[in-house]
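Asker: Here it is: the structure, laid out below.
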Amino acid sequence: MPHSEPYISLKGIRRIYGQGDTEVRALDGVDIEIKRGEFVAIMGPSGSGKSTAMNLIGCLDRPTSGTYRFNGLEIAGLAGDERALIRRHYLAFIYQGYNLLARTSALDNVELPLIYKCIGKRERRERALHALDLVGLKGREMHDPSQLSGGQQQRVAIARALAGDPHVVLADEPTGNLDTQRSREIMELIVELRRTSGLTIIMVTHDEEIAEYASRLIWMVDGRVHNDRQLKDAA
């Protein structure tokens, strides 16, 4: 792939639900290019299309029309199982609700996605321990979610994402359930992990203060990109 080609490229993307009087244009001609290693925040009012854009980039949905290229590969026309392989090997997700298994240790929660990658037990354990150490949870590996604070649970969720060695992390309102102090701690952690690992991060948020941690802000309105501006140096 030529080095100048964007890592992620959406061109003329439309996502339409329903027909006739019930038609909803969730995305209506979206053009977005993201370079490898960027930290991009996507904001917009309810119904703006930001979550739909996140789902398309994350290979959880496919566009009605337009092209989506990931690392030079055309994604829009791939079958469901082919998109699943992209998700499994290149993408990781962080959600507002943590999505941890109750009565299951932090270590086992982090290991679980690695089972689906057919990674051996010893390597799974090593990766999970390393990821928990990276997010500052060394010594709490055997705690289950009920024994962890909200901030610590989100750190487990981040460790789970990192353990799979993804190229891109998609974060959907990652601090939505946290207080201000815990939110800042989580965002500082994400920024530091990006700096040290070179991850590409795409984050949907409604919080302007949280968006300021990104290097670039895309503002969406009515299924279109209304504004796209650099916040700080991307390096």
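Going through the structure tokens in order, the chains are called A, B, and so on, while each chain numbers its residues from 1 and the ligands are numbered from 1 in the order shown.
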Hey, what's within 7 Å of range 67-78 of chain A if we count only C-alpha atoms and toss same-chain stuff fewer than 3 positions away? As a PyMOL selection string, please?
Answerer: chain A and resi 1+7-13+62-63+82-83
Asker: If we count only C-alpha atoms, what is near range 41-47 of chain A at a cut-off of 12 Å, once residues fewer than 6 positions away on the same chain are taken out, given as a PyMOL selection string?
Answerer: chain A and resi 24-27+32+34+53-54+169-174+187+200-231
Asker: Could you list, as a list in words, every residue within 12 Å of Ser149 in chain A, counting only C-alpha atoms and ignoring same-chain residues fewer than 2 positions away?
Answerer: Tyr98, Leu137, Arg140, His143, Asp144, Pro145, Ser146, Gln147, Gly151, Gln152, Gln153, Gln154, Arg155, Val156, Asn177, Leu178, Asp179 and Arg182 of chain A
Asker: Which residue gives the smallest distance to Gly37 in chain A among A:Pro6, A:Gly49, A:Gly58, A:Pro113, with only C-alpha atoms counted?
Answerer: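 Using only C-alpha atoms, Gly37 in chain A sits closest to A:Pro6.
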Asker: Can you list every residue in range 171-213 of chain A that DSSP puts in strand (DSSP E or B), as a PyMOL selection string?
Answerer: chain A and resi 171-172+200-204
Asker: Would you mind exporting the chosen residues as a CSV table (one decimal), in the first residue's frame, restricted to N, CA, C and O atoms?
Answerer:
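After the write, out.csv holds the following:
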```csv
chain,number,residue,atom,x,y,z
A,171,ALA,N,-13.7,3.7,20.5
A,171,ALA,CA,-14.2,3.9,21.8
A,171,ALA,C,-15.6,4.7,21.8
A,171,ALA,O,-15.6,5.8,21.2
A,172,ASP,N,-16.6,4.1,22.3
A,172,ASP,CA,-17.9,4.7,22.2
A,172,ASP,C,-18.3,5.2,23.6
A,172,ASP,O,-18.6,4.4,24.5
A,200,THR,N,-4.2,3.7,16.4
A,200,THR,CA,-5.2,4.7,15.9
A,200,THR,C,-6.5,4.6,16.7
A,200,THR,O,-7.0,3.5,17.0
A,201,ILE,N,-6.9,5.7,17.2
A,201,ILE,CA,-8.1,5.7,18.1
A,201,ILE,C,-9.2,6.6,17.5
A,201,ILE,O,-9.0,7.7,17.1
A,202,ILE,N,-10.4,6.0,17.5
A,202,ILE,CA,-11.6,6.8,17.0
A,202,ILE,C,-12.6,6.7,18.1
A,202,ILE,O,-13.0,5.6,18.6
A,203,MET,N,-13.0,7.9,18.6
A,203,MET,CA,-13.9,8.0,19.8
A,203,MET,C,-15.1,8.8,19.5
A,203,MET,O,-15.0,9.9,19.0
A,204,VAL,N,-16.3,8.2,19.9
A,204,VAL,CA,-17.5,9.0,19.9
A,204,VAL,C,-17.8,9.5,21.3
A,204,VAL,O,-17.7,8.7,22.2
```
Asker: Counting only C-alpha atoms, which residue out of A:Leu189, A:Leu56, A:Ala157, A:Leu199 sits closest to Asn99 in chain A?
Answerer: A:Ala157
Asker: Would you compute the distance between CA of Gly164 in chain A and CA of Gly97 in chain A? Give it in Å to one decimal.
Answerer: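 Separation of CA of Gly164 in chain A and CA of Gly97 in chain A: 19.5 Å.
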